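Undergrad: Right, I'll just put the structure down here and ask away after.
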Amino acid sequence: MVNIPALEQVNQILHILFIFLPFLWALGTLPPPDALFLWAMEQVLEFGLGGSSMSTHLRLLLMFIISAGTAVTSYFIPSTVGVVLFMTGLGFLLSLNLSDVGLAFKHSVTRHRVGTKSKPLPSDSEKQFTWKECLFYIIILVLALIETSLLHHFAGFSQISKNSPQAIVGYVLMILLIILWILREIQSVCIFGIFRNPFYPKDVQTVTLFLEKQTRLVKIGVVRRILLNLVSPFAMIAFLSLDSSLQGLHSVSVSIGFTRAFRMVWQNTENALLETVTVSVVHLLISSTDVWWNRSLDTGIRLLLVGIMRDRLIQFISKLQFAVTILLASLTEKKRRKSTTTLCILNIVFSPFVLVFIVFSTLLSSPLLPLFTLPLFLVGFPRPVRIWPGAVGATACVCADTVYYAHMVPRLTAALQAAMATGSLGLLLPGSHYLGRFQDRLIWIMILECGYTYCCINIKGLELQETSCHTAEAQRVDEVFQSAFEQEYSRICPLNEHFGNVLTPCIVLPVKLYSDARNVLSGIIDSHDSLKEFKGDLIKVLVWILVQYCSRKPSVQEVVHKTENKGKASLIILPALNASPQTQSPEDTDSLNSEILDDWSDDNVFGDEPTIRKGKEEKDQLKVVSGINLPIPGSVESQGVGDHSIGTVPENSLYKSVILGYPVVDKGKQKDVAYIPLVEFSCSHSHLLSLPEEWTSNCLPNSKMREMSSLFPEEWYQFVLRQLECFHSEQNASNVLEEIAKDEVLKDFYVHAVMTCYFSLFGVDNMVPSPGHILRVYSGVLPWSLALDWLTEKPELFQLALKAFRYTLKLMIDKASLGPIEDFKELINCLEEYETDWYIGLVSDEKWKEAILQEKPYLFSLGYDPNMGVYTGRVLTLQELLIQVGKLNAEAVRGQWANLSWELLYATNDDEERYSIQAHPLLLRNLTVQAADPPLGYPIYSSKPLSIHLY
C-alpha cells in the first residue's frame with residue numbers, strides 16, 4: 001500500500017494539517033468530540049436522510065438510527081411497488097412527532113388497564129392526540145399509499161419531456177410554489193424584509209381593531225394551510241412515483257436519494273416543493289441526455305444536491321449580511337470608530353480572503369466568528385443547531401420576575417401556533433430565532449425541530465432590570481417595531497427603515513397576559529384628608545373581613561343546615577368592659593425588646609419593602625401560649641385544655657382565651673382562682689359567627705378599650721351581618737340575621753377583636769398616620785403597642801388584620817381617583833371585588849406569584865422610589881394585549897454566541913464590562929448574549945421543548 005499515489009498525497013496533506021492543529025485549536029476552529037459527533041449526525045440526518053435536527057440528544061440519536069435503517073432496508077426490498085410503499089409510509093410516519101404519538105399510546109394503554117377516564121397530561125408539550133387527529137393521520141397515510149401504488153403500478157415510465165405525466169405534475173408544482181410563496185409573504189408585515197406589506201393592517205395598537213382587520217389574512221392563512229399540508233405533499237408524491245429512476249432497484253443512490261425525497265415531502269414541505277420545482281425546471285431546460293446532470297444522476301440524488309445547495313446558499317447570504325452589518329456597525333459606533341477604522345479598511349482591501357472565510361464556514365455549516373464582535377472574522381467550530389451542549393430549558397437564572405414569563409408562555413404558545421400555521425413567521429427552519437417585545441418584557445423564541453404539522457420551540461425570557469445596555473437595545477427594538485406596526489405611511493409599499501438591523505418585524509400576536517402599570521401616589525397617600533378617612537375606613541374593613549372569615553368557616557357551612565334550636569344557649573367568656581384587667585407593670589413595659597423600636601425607626605421608612613427582624617424576636621412573636629385552666633365556682637372540676645371530654649368541651653375549650661391578659665404563673669405554684677363571668681348569646685345562631693375564643697382580647701387598659709369602642713361603627717356592623725349569605729338555606733334567613741345583628745354579646749366580642757387589631761396597627765399614638773407609617777404597616781412591620789405581642793402570637797388574625805389594612809389603602813386610592821363611596825352597599829361591592837378579583841400585597845410574597853399563576857385579574861403593590869422620593873403603586877392587569885414579534889438573522893445570533901463561547905472558554909475574558917457585551921443597537925449584542933444558555937448567558941426563564949401543532 002506504500003506505493004498507492006492517493007495515500008501518499010493524503011499523507012503529505014495530513015503532515016501539513018497536523019502542524020496547524022494547535023493553532024486551529026487556539027482559534028476555536030477545532031470542534032470538541034461531542035459537538036463534532038452531534039453535528040455530523042444532524043448533517044447526515046437532514047441532508048442525507050431527509051430528517052430534521054432534534055430538540056434533544058436522545059431524540060437525535062434514535063431518529064438517526066431509525067432513518068438510516070429505513071434507507072438500508074429499502075435497498076433489499078425486491079419489488080418496486082414495495083419499495084415505493086415502504087418509503088412513502090416510513091417517510092410519513094417519521095415526519096410526525098413520534099414522542100407525542102408514543103405518549104398518547106402509553107396513556108391510552110394505561111387508561112384501558114385501569115378502566116377509568118384519562119386524566120390530562122401534565123404539560124402542554126405532552127398533549128395527547130385526540131381521536132380526530134389520529135383519524136386524520138391514518139386517512140392521509142392510506143391516501144398517500146394508494147396514490148403511490150396506483151401511479152407507480154399503472155403509469156408508464158419514460159424520460160421526462162414537455163408532455164410526459166411527470167412534466168405535467170411539475171407544472172402543477174410550479175404553480176403551487178408561486179401561490180404558497182405569495183400567500184406566505186402576504187401574512188407578514190414586511191415583504192422580503194424590505195417593503196412593508198400593503199395588505200397588513202395599518203393600525204395595530206388595539207386588539208379589537210387588529211382582530212377585525214386581520215380577518216381576511218386569517219382566511220388566506222386557511223387556504224395556504226390546506227395547500228401546504230394536503231395538496232402539495234400529494235402532488236410531490238405523484239411527481240416522485242412517476243419517476244423512471246425508481247426502476248433501478250438495488251442501487252445505493254436510489255435508496256438514499258428517494259428515501260430522503262419521500263421523507264422531505266412531509267418533513268419540510270416548503271423546502272421539498274422548492275427543490276422539486278428546481279429539479280423539474282432543470283429537466284425542462286436541459287433536455288440533452290449527454291449532460292452529466294441527466295446521465296450520471298437519478299432524481300433522488302439531484303434533489304439531495306439541490307437541497308444542500310439551497311441550504312448553503314441561504315447560509316452564505318445570511319453570513320454575508322452579518323459580516324456587512326458588523327462592518328457598518330464598527331463604522332457607525334462613535335466610541336469605537338477610531339480604533340476600528342483600520343480593521344474596516346483591511347477588510348475591504350482583503351475582501352477576497354474574507355469571502356474565503358465566509359465560504360468555508362458556509363460549507364462546514366459552522367458559525368462565522370467575529371472576534372470580540374469586531375470586523376476580524378474566523379471560522380467557528382461546527383456545532384449542532386441548538387448551539388449549547390446542555391439540555392434545552394434545563395437551566396435559567398431564576399428570579400422574582402421569572403413568574404411573568406412562566407404565566408405568559410402557554411398563551412403565547414397558542415398564539416404562535418396560529419401564526420406559524422398561517423405562515424406569518426416566514427419559512428420555519430430549525431435554528432431560526434425570533435424576538436418578541438411587550439412593555440418591559442423581551443421573549444426569545446428558537447425553533448428546535450420541524451415536521452409534518454408540528455414544530456418544536458424553546459422560549460426564553462430576558463431580564464426586566466433596566467440597565468443602560470438593556471435599555472439602549474430595547475429602545476432600538478421598540479423603534480423597529482413602531483416603524484413597522486404603528487407608523488402611518490403615505491406610500492403604498494414604503495421601505496423598511498431598519499433594513500440593516502438583524503431584526504426584521506414579522507407579526508403582532510394577541511395574547512392574554514399581565515400589563516404592568518406603575519403610578520406615582522403623590523397627592524393621595526400624603527393627603528391629610530385621605531389619611532384621616534383611612535382610619536375610619538380601616539375599622540369598617542376590619543369588621544367586614546372578620547365577619548366574612550367567620551361566615552366562611554367550615555363549621556358554619558356544616559352546622560348551618562343541621563343546627564336546631566333546642567333551648568340550650570351557647571356560652572361565651574368575654575371580659576366585661578367594667579372589669580379590672582390585668583395589665584403589664586411599668587417595669588414590664590420598659591423591658592420590652594428594643595429591637596422592635598429599632599425596626600420602627602424613621603431610618604427604615606424609605607425601604608421599598610421593609611421586613612421584620614428575624615431571630616429570637618420572630619420566635620417570640622409566633623409562639624403559641626399554652627392555656628391555663630381556671631376553676632369556675634359552681635362548675636365541675638375542669639380538665640386539661642387538650643382534654644376534650646364530653647360535657648366539658650363547650651366550657652373548657654373557651655377558658656384559654658381569658659388567660660392572655662393575666663400574669664404568667666410560675667411552674668409549681670398554686671394557680672390563682674379568677675372569677676370569669678359566663679355570658680349567653682341572645683340568639684342561638686350567634687355562636688356560628690363568633691370569632692375563635694383565643695382572639696378574645698384583654699390586653700388593653702379598660703379606659704383605652706372604652707375610648708376606642710366608641711369608634712366602632714355599629715350601623716355598618718349590623719348592615720354587614722344582614723348581607724350574609726350563609727343562612728339563605730334557612731326558611732327565615734332574614735329573621736335569623738336580624739336576631740344575630742341585635743345580639744349585644746356577639747357585638748361586644750367583635751368590638752374587642754376589631755379595636756385591638758386597630759390599636760395594634762396604629763400603635764401608641766392615635767394620630768393621623770404618616771405615609772411612612774402606611775408603607776411600613778403595609779409591608780408587615782407593625783409599630784410597638786401593648787397589643788403587638790398579642791396580635792403577632794396569632795398568625796391567622798395577624799394576616800387578616802394586615803389584609804384589612806391593605807384593602808383600606810387600596811380603597812383610599814380608589815376613592816381619590818374614582819370618587820367617594822356613596823353608601824354601604826357600594827362599599828361592600830368594592831370589598832367583594834377586592835376579595836375575588838384582586839391580590840393586594842407585596843411583590844416579594846410567594847402569594848404574589850401564586851396569584852399570577854392562578855390568573856387573578858388584578859394585582860396591586862405599594863412601594864417607594866428612593867431616587868425620586870415618591871410613593872408608587874404597581875398594578876398588574878390581566879387582559880388581551882399585542883406582542884410584537886420579529887425574526888432575527890440566525891447567522892448573526894450563531895456568530896455572536898460562538899464569539900461568546902470562544903471569548904469565555906478560549907480567551908478567558910470574563911470581564912463584566914468587556915466590549916463584546918456592551919450595547920449595540922444594530923447587532924442587539926447585549927440581548928443576544930443574555931439569551932445564551934447559562935452559565936455563559938443569563939435568561940431568567942427558559943422553557944422545556946414545546947411542541948406546537950400546525951393545523
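Following the order of the C-alpha cells, chains are lettered A, B, ..., residues in each are numbered from 1, and ligands are numbered from 1.
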Could you give me, as JSON lines, every stretch 271-328 of chain A residue with an atom at most 9 Å from stretch 363-385 of chain A, plus its closest atom pair and distance in Å to one decimal, counting only C-alpha atoms, rows ordered by chain then number?

TA:
{"residue": "A:Arg312", "atom": "CA", "partner": "A:Leu363", "partner_atom": "CA", "distance": 6.7}
{"residue": "A:Gln315", "atom": "CA", "partner": "A:Ser365", "partner_atom": "CA", "distance": 7.6}
{"residue": "A:Phe316", "atom": "CA", "partner": "A:Leu363", "partner_atom": "CA", "distance": 8.8}
{"residue": "A:Lys319", "atom": "CA", "partner": "A:Leu368", "partner_atom": "CA", "distance": 6.7}
{"residue": "A:Phe322", "atom": "CA", "partner": "A:Leu368", "partner_atom": "CA", "distance": 8.6}
{"residue": "A:Ala323", "atom": "CA", "partner": "A:Pro375", "partner_atom": "CA", "distance": 7.4}
{"residue": "A:Val324", "atom": "CA", "partner": "A:Pro375", "partner_atom": "CA", "distance": 8.9}
{"residue": "A:Ile326", "atom": "CA", "partner": "A:Pro375", "partner_atom": "CA", "distance": 6.1}
{"residue": "A:Leu327", "atom": "CA", "partner": "A:Pro375", "partner_atom": "CA", "distance": 5.8}

Undergrad: Looking only at alpha helix (DSSP H) from DSSP on the backbone, list the matching residues of stretch 244-274 of chain A as a PyMOL selection string.

TA: chain A and resi 252-267+269-274

Undergrad: What are the closest atom pairs, with distances in Å to one decimal, for each residue of stretch 35-61 of chain A lying within 8 Å of stretch 437-460 of chain A, using only C-alpha atoms, rows by chain and rising residue number, as CSV?

TA:
residue,atom,partner,partner_atom,distance
A:Ser52,CA,A:Glu449,CA,6.0
A:Ser53,CA,A:Glu449,CA,5.5
A:Met54,CA,A:Glu449,CA,5.3
A:Ser55,CA,A:Leu448,CA,5.2

Undergrad: Could you save those same residues with N, CA and C atoms as a tab-separated table (two decimals), in the first residue's frame?

TA:
chain	number	residue	atom	x	y	z
A	52	SER	N	-34.87	16.11	10.29
A	52	SER	CA	-34.71	17.45	10.86
A	52	SER	C	-33.84	17.34	12.10
A	53	SER	N	-33.18	18.43	12.46
A	53	SER	CA	-32.46	18.43	13.73
A	53	SER	C	-33.47	18.25	14.86
A	54	MET	N	-33.02	17.66	15.95
A	54	MET	CA	-33.92	17.28	17.03
A	54	MET	C	-33.69	18.15	18.27
A	55	SER	N	-34.67	18.14	19.16
A	55	SER	CA	-34.63	19.00	20.34
A	55	SER	C	-33.79	18.42	21.46

Undergrad: Could you tell me how far atom CA of A:Leu85 sits from atom CA of A:Ile146, in Å to one decimal place?

TA: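 Going from atom CA of A:Ile146 over to atom CA of A:Leu85, I get 8.7 Å.
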
Undergrad: Name the closest residue to A:Val252 among the candidates A:Leu141, A:Ile168, A:Ala71, A:Leu38; distances are taken between atoms, counting only C-alpha atoms.

TA: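 Looking only at the distances to A:Val252, the closest residue turns out to be A:Ala71.
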
Undergrad: For the strand (DSSP E or B) assignment from backbone DSSP, which residues of stretch 258-418 of chain A qualify? Please present them as a ChimeraX atom specification.

TA: /A:368-370,377-379

Undergrad: May I have the residues from that selection written out with C-alpha atoms, as an mmCIF file, in the first residue's frame?

TA:
data_model
loop_
_atom_site.group_PDB
_atom_site.id
_atom_site.type_symbol
_atom_site.label_atom_id
_atom_site.label_comp_id
_atom_site.auth_asym_id
_atom_site.auth_seq_id
_atom_site.Cartn_x
_atom_site.Cartn_y
_atom_site.Cartn_z
ATOM 1 C CA LEU A 368 -18.849 32.908 11.282
ATOM 2 C CA LEU A 369 -16.979 34.051 14.393
ATOM 3 C CA PRO A 370 -16.232 37.795 14.712
ATOM 4 C CA PHE A 377 -13.516 37.069 11.200
ATOM 5 C CA LEU A 378 -12.660 33.451 11.956
ATOM 6 C CA VAL A 379 -14.400 30.151 11.291
#

Undergrad: If you count only C-alpha atoms, which residues fall within 7 Å of A:Ser515, apart from same-chain ones fewer than 3 positions away, as a list in words?

TA: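 Near A:Ser515, the qualifying residues are Leu876, Thr877 and Leu878 of chain A.
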
Undergrad: Go ahead and save the picked residues with N, CA and C atoms, as a PDB file, in the first residue's frame.

TA:
ATOM      1  N   LEU A 876     -50.947  45.260  38.195  1.00  0.00           N
ATOM      2  CA  LEU A 876     -50.907  44.296  37.096  1.00  0.00           C
ATOM      3  C   LEU A 876     -52.342  43.991  36.686  1.00  0.00           C
ATOM      4  N   THR A 877     -52.605  44.072  35.392  1.00  0.00           N
ATOM      5  CA  THR A 877     -53.952  43.834  34.876  1.00  0.00           C
ATOM      6  C   THR A 877     -53.902  42.734  33.826  1.00  0.00           C
ATOM      7  N   LEU A 878     -54.703  41.701  34.009  1.00  0.00           N
ATOM      8  CA  LEU A 878     -54.757  40.592  33.058  1.00  0.00           C
ATOM      9  C   LEU A 878     -55.715  40.951  31.932  1.00  0.00           C
TER      10      LEU A 878
END

Undergrad: Please, what distance in Å, to one decimal, runs between atom CA of A:Ser424 and atom CA of A:Ala391?

TA: 28.6 Å

Undergrad: Set the distance at 9 Å and use only C-alpha atoms: which residues neighbour A:Tyr549 once local chain neighbours fewer than 5 positions away are removed? I'd like the list as a PDB file with N, CA and C atoms, in the first residue's frame.

TA:
ATOM      1  N   TRP A 544     -65.729  43.911  58.286  1.00  0.00           N
ATOM      2  CA  TRP A 544     -66.183  43.109  57.140  1.00  0.00           C
ATOM      3  C   TRP A 544     -65.339  41.853  56.967  1.00  0.00           C
ATOM      4  N   LEU A 689     -71.163  32.556  64.245  1.00  0.00           N
ATOM      5  CA  LEU A 689     -70.409  33.688  63.707  1.00  0.00           C
ATOM      6  C   LEU A 689     -69.433  34.261  64.718  1.00  0.00           C
ATOM      7  N   LEU A 691     -66.027  34.760  66.778  1.00  0.00           N
ATOM      8  CA  LEU A 691     -64.614  34.617  66.469  1.00  0.00           C
ATOM      9  C   LEU A 691     -64.009  33.508  67.315  1.00  0.00           C
ATOM     10  N   LEU A 800     -55.148  38.499  58.724  1.00  0.00           N
ATOM     11  CA  LEU A 800     -56.427  39.131  58.427  1.00  0.00           C
ATOM     12  C   LEU A 800     -56.362  40.638  58.663  1.00  0.00           C
TER      13      LEU A 800
END

Undergrad: Between atom CA of A:Phe860 and atom CA of A:Leu531, what is the distance, to one decimal in Å?

TA: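 Atom CA of A:Phe860 sits 18.9 Å away from atom CA of A:Leu531.
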
Undergrad: List the spatial neighbours of A:His685 as a PyMOL selection string - criterion: any atom at most 8 Å away, only C-alpha atoms, same-chain residues fewer than 2 positions off excluded.

TA: chain A and resi 683+687-689+736+740

Undergrad: Just to be explicit: take each residue in the selection above, keep all heavy atoms, and write the result as a compact mmCIF listing (two decimals), in the first residue's frame.

TA:
# COMPACT_ATOMS: atom_id res chain seq x y z
N CYS A 683 -79.03 35.07 70.72
CA CYS A 683 -79.51 34.33 69.53
C CYS A 683 -78.80 32.98 69.48
O CYS A 683 -77.59 32.89 69.70
CB CYS A 683 -79.23 35.13 68.26
SG CYS A 683 -79.67 34.26 66.73
N HIS A 687 -73.39 31.80 67.90
CA HIS A 687 -72.12 31.11 68.13
C HIS A 687 -71.47 30.67 66.81
O HIS A 687 -70.26 30.44 66.74
CB HIS A 687 -72.33 29.89 69.03
CG HIS A 687 -73.10 28.78 68.38
ND1 HIS A 687 -74.47 28.81 68.26
CD2 HIS A 687 -72.69 27.62 67.80
CE1 HIS A 687 -74.89 27.72 67.65
NE2 HIS A 687 -73.82 26.97 67.35
N LEU A 688 -72.30 30.58 65.75
CA LEU A 688 -71.73 30.20 64.45
C LEU A 688 -70.88 31.31 63.85
O LEU A 688 -69.99 31.05 63.03
CB LEU A 688 -72.84 29.83 63.47
CG LEU A 688 -73.69 28.61 63.86
CD1 LEU A 688 -74.82 28.42 62.88
CD2 LEU A 688 -72.82 27.37 63.94
N LEU A 689 -71.16 32.56 64.24
CA LEU A 689 -70.41 33.69 63.71
C LEU A 689 -69.43 34.26 64.72
O LEU A 689 -68.84 35.31 64.48
CB LEU A 689 -71.37 34.80 63.25
CG LEU A 689 -72.27 34.47 62.07
CD1 LEU A 689 -73.19 35.63 61.75
CD2 LEU A 689 -71.44 34.12 60.85
N VAL A 736 -83.30 35.36 61.11
CA VAL A 736 -82.13 34.86 61.83
C VAL A 736 -81.02 35.91 61.82
O VAL A 736 -80.40 36.20 62.84
CB VAL A 736 -81.65 33.54 61.20
CG1 VAL A 736 -80.30 33.14 61.79
CG2 VAL A 736 -82.67 32.44 61.42
N ILE A 740 -79.23 37.91 64.96
CA ILE A 740 -77.78 37.91 65.18
C ILE A 740 -77.25 39.34 65.23
O ILE A 740 -76.39 39.67 66.06
CB ILE A 740 -77.08 37.12 64.06
CG1 ILE A 740 -77.45 35.65 64.13
CG2 ILE A 740 -75.57 37.28 64.15
CD1 ILE A 740 -76.89 34.82 63.00

Undergrad: Can you pull out every residue within 10 Å of A:Thr325, counting only C-alpha atoms, but drop anything in the same chain fewer than 4 positions away, and send it as a ChimeraX atom specification?

TA: /A:319-321,329-331,375,500-502,892,922-923

Undergrad: Would you export the selected residues with all heavy atoms as a CSV table (one decimal), in the first residue's frame, please?

TA:
chain,number,residue,atom,x,y,z
A,319,LYS,N,-24.7,34.9,6.3
A,319,LYS,CA,-23.4,35.2,6.8
A,319,LYS,C,-22.8,36.5,6.2
A,319,LYS,O,-22.2,37.3,6.9
A,319,LYS,CB,-22.4,34.0,6.6
A,319,LYS,CG,-22.7,32.8,7.5
A,319,LYS,CD,-21.7,31.7,7.2
A,319,LYS,CE,-21.7,30.6,8.3
A,319,LYS,NZ,-23.0,29.9,8.4
A,320,LEU,N,-23.0,36.6,4.9
A,320,LEU,CA,-22.5,37.8,4.2
A,320,LEU,C,-23.2,39.1,4.8
A,320,LEU,O,-22.6,40.1,5.0
A,320,LEU,CB,-22.8,37.7,2.7
A,320,LEU,CG,-22.2,38.8,1.8
A,320,LEU,CD1,-20.7,38.9,2.0
A,320,LEU,CD2,-22.6,38.6,0.4
A,321,GLN,N,-24.5,39.0,5.0
A,321,GLN,CA,-25.3,40.1,5.6
A,321,GLN,C,-24.8,40.4,7.0
A,321,GLN,O,-24.6,41.6,7.4
A,321,GLN,CB,-26.8,39.8,5.6
A,321,GLN,CG,-27.6,40.9,6.1
A,321,GLN,CD,-29.1,40.5,6.2
A,321,GLN,OE1,-29.5,39.4,5.8
A,321,GLN,NE2,-29.9,41.4,6.7
A,329,ALA,N,-21.5,48.5,11.6
A,329,ALA,CA,-21.6,48.8,13.0
A,329,ALA,C,-20.3,49.4,13.5
A,329,ALA,O,-20.3,50.3,14.3
A,329,ALA,CB,-22.0,47.5,13.8
A,330,SER,N,-19.2,48.9,13.1
A,330,SER,CA,-17.9,49.4,13.5
A,330,SER,C,-17.7,50.8,13.0
A,330,SER,O,-17.0,51.6,13.7
A,330,SER,CB,-16.8,48.5,13.0
A,330,SER,OG,-16.9,47.2,13.4
A,331,LEU,N,-18.2,51.1,11.9
A,331,LEU,CA,-18.0,52.5,11.3
A,331,LEU,C,-19.0,53.5,12.0
A,331,LEU,O,-18.7,54.7,12.1
A,331,LEU,CB,-18.2,52.5,9.8
A,331,LEU,CG,-17.1,51.8,9.0
A,331,LEU,CD1,-17.5,51.7,7.5
A,331,LEU,CD2,-15.8,52.5,9.1
A,375,PRO,N,-14.7,43.6,13.3
A,375,PRO,CA,-14.6,43.0,11.9
A,375,PRO,C,-13.3,42.3,11.7
A,375,PRO,O,-12.5,42.6,10.9
A,375,PRO,CB,-14.7,44.3,11.1
A,375,PRO,CG,-14.2,45.4,12.0
A,375,PRO,CD,-14.7,45.0,13.3
A,500,GLY,N,-31.0,47.3,7.8
A,500,GLY,CA,-29.7,46.9,8.2
A,500,GLY,C,-29.6,46.2,9.5
A,500,GLY,O,-28.6,45.6,9.9
A,501,ASN,N,-30.7,46.3,10.3
A,501,ASN,CA,-30.8,45.7,11.6
A,501,ASN,C,-30.9,44.2,11.5
A,501,ASN,O,-31.4,43.7,10.5
A,501,ASN,CB,-31.9,46.3,12.4
A,501,ASN,CG,-31.8,46.1,13.9
A,501,ASN,OD1,-31.7,45.0,14.4
A,501,ASN,ND2,-31.7,47.2,14.6
A,502,VAL,N,-30.4,43.5,12.5
A,502,VAL,CA,-30.5,42.0,12.5
A,502,VAL,C,-31.9,41.5,12.7
A,502,VAL,O,-32.3,40.4,12.6
A,502,VAL,CB,-29.5,41.3,13.5
A,502,VAL,CG1,-28.1,41.6,13.1
A,502,VAL,CG2,-29.8,41.8,14.9
A,892,ALA,N,-26.3,35.8,12.6
A,892,ALA,CA,-25.8,36.8,13.5
A,892,ALA,C,-25.9,36.3,14.9
A,892,ALA,O,-25.0,36.5,15.7
A,892,ALA,CB,-26.6,38.1,13.3
A,922,LEU,N,-27.6,48.0,16.6
A,922,LEU,CA,-27.6,47.4,15.3
A,922,LEU,C,-27.5,45.9,15.3
A,922,LEU,O,-28.2,45.2,14.6
A,922,LEU,CB,-26.5,48.0,14.4
A,922,LEU,CG,-26.7,47.8,12.9
A,922,LEU,CD1,-28.0,48.5,12.4
A,922,LEU,CD2,-25.5,48.4,12.1
A,923,LEU,N,-26.6,45.4,16.2
A,923,LEU,CA,-26.4,44.0,16.4
A,923,LEU,C,-27.3,43.3,17.5
A,923,LEU,O,-27.3,42.1,17.6
A,923,LEU,CB,-24.9,43.7,16.7
A,923,LEU,CG,-23.9,44.0,15.6
A,923,LEU,CD1,-22.5,43.9,16.1
A,923,LEU,CD2,-24.2,43.2,14.4

Undergrad: Which neighbours of A:Gln187 fall inside 8 Å, counting only C-alpha atoms, when residues of the same chain fewer than 4 positions from it are skipped, and could you give them as a ChimeraX atom specification?

TA: /A:183,200,217,221,422-424

Undergrad: Quick one: of A:Val254, A:Ala801, A:Cys550, A:Leu427, who's nearest to A:Trp181, counting only C-alpha atoms?

TA: A:Leu427

Undergrad: List every residue of stretch 875-928 of chain A that has an atom at most 10 Å from any atom of stretch 507-513 of chain A, and for each one report the closest atom pair and its distance in Å to one decimal, counting only C-alpha atoms, with rows sorted by chain and then by increasing residue number, as JSON lines.

TA:
{"residue": "A:Leu876", "atom": "CA", "partner": "A:Leu513", "partner_atom": "CA", "distance": 9.4}
{"residue": "A:Thr877", "atom": "CA", "partner": "A:Leu513", "partner_atom": "CA", "distance": 7.9}
{"residue": "A:Leu878", "atom": "CA", "partner": "A:Leu513", "partner_atom": "CA", "distance": 5.3}
{"residue": "A:Gln879", "atom": "CA", "partner": "A:Lys512", "partner_atom": "CA", "distance": 5.2}
{"residue": "A:Glu880", "atom": "CA", "partner": "A:Lys512", "partner_atom": "CA", "distance": 3.8}
{"residue": "A:Leu881", "atom": "CA", "partner": "A:Pro510", "partner_atom": "CA", "distance": 5.4}
{"residue": "A:Leu882", "atom": "CA", "partner": "A:Pro510", "partner_atom": "CA", "distance": 4.5}
{"residue": "A:Ile883", "atom": "CA", "partner": "A:Leu509", "partner_atom": "CA", "distance": 5.1}
{"residue": "A:Gln884", "atom": "CA", "partner": "A:Val508", "partner_atom": "CA", "distance": 4.5}
{"residue": "A:Val885", "atom": "CA", "partner": "A:Ile507", "partner_atom": "CA", "distance": 5.5}
{"residue": "A:Gly886", "atom": "CA", "partner": "A:Ile507", "partner_atom": "CA", "distance": 6.8}
{"residue": "A:Lys887", "atom": "CA", "partner": "A:Ile507", "partner_atom": "CA", "distance": 9.4}

Undergrad: Please save C-alpha atoms of the selected residues as a PDB file, in the first residue's frame.

TA:
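Done, and the output landed in result_25.pdb:
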ATOM      1  CA  LEU A 876     -50.907  44.296  37.096  1.00  0.00           C
ATOM      2  CA  THR A 877     -53.952  43.834  34.876  1.00  0.00           C
ATOM      3  CA  LEU A 878     -54.757  40.592  33.058  1.00  0.00           C
ATOM      4  CA  GLN A 879     -56.005  41.458  29.586  1.00  0.00           C
ATOM      5  CA  GLU A 880     -55.545  40.591  25.932  1.00  0.00           C
ATOM      6  CA  LEU A 881     -52.659  42.640  24.551  1.00  0.00           C
ATOM      7  CA  LEU A 882     -50.424  42.672  21.496  1.00  0.00           C
ATOM      8  CA  ILE A 883     -46.931  41.182  21.442  1.00  0.00           C
ATOM      9  CA  GLN A 884     -44.753  42.353  18.560  1.00  0.00           C
ATOM     10  CA  VAL A 885     -42.583  39.620  17.049  1.00  0.00           C
ATOM     11  CA  GLY A 886     -39.679  39.907  14.630  1.00  0.00           C
ATOM     12  CA  LYS A 887     -37.281  37.445  13.014  1.00  0.00           C
TER      13      LYS A 887
END
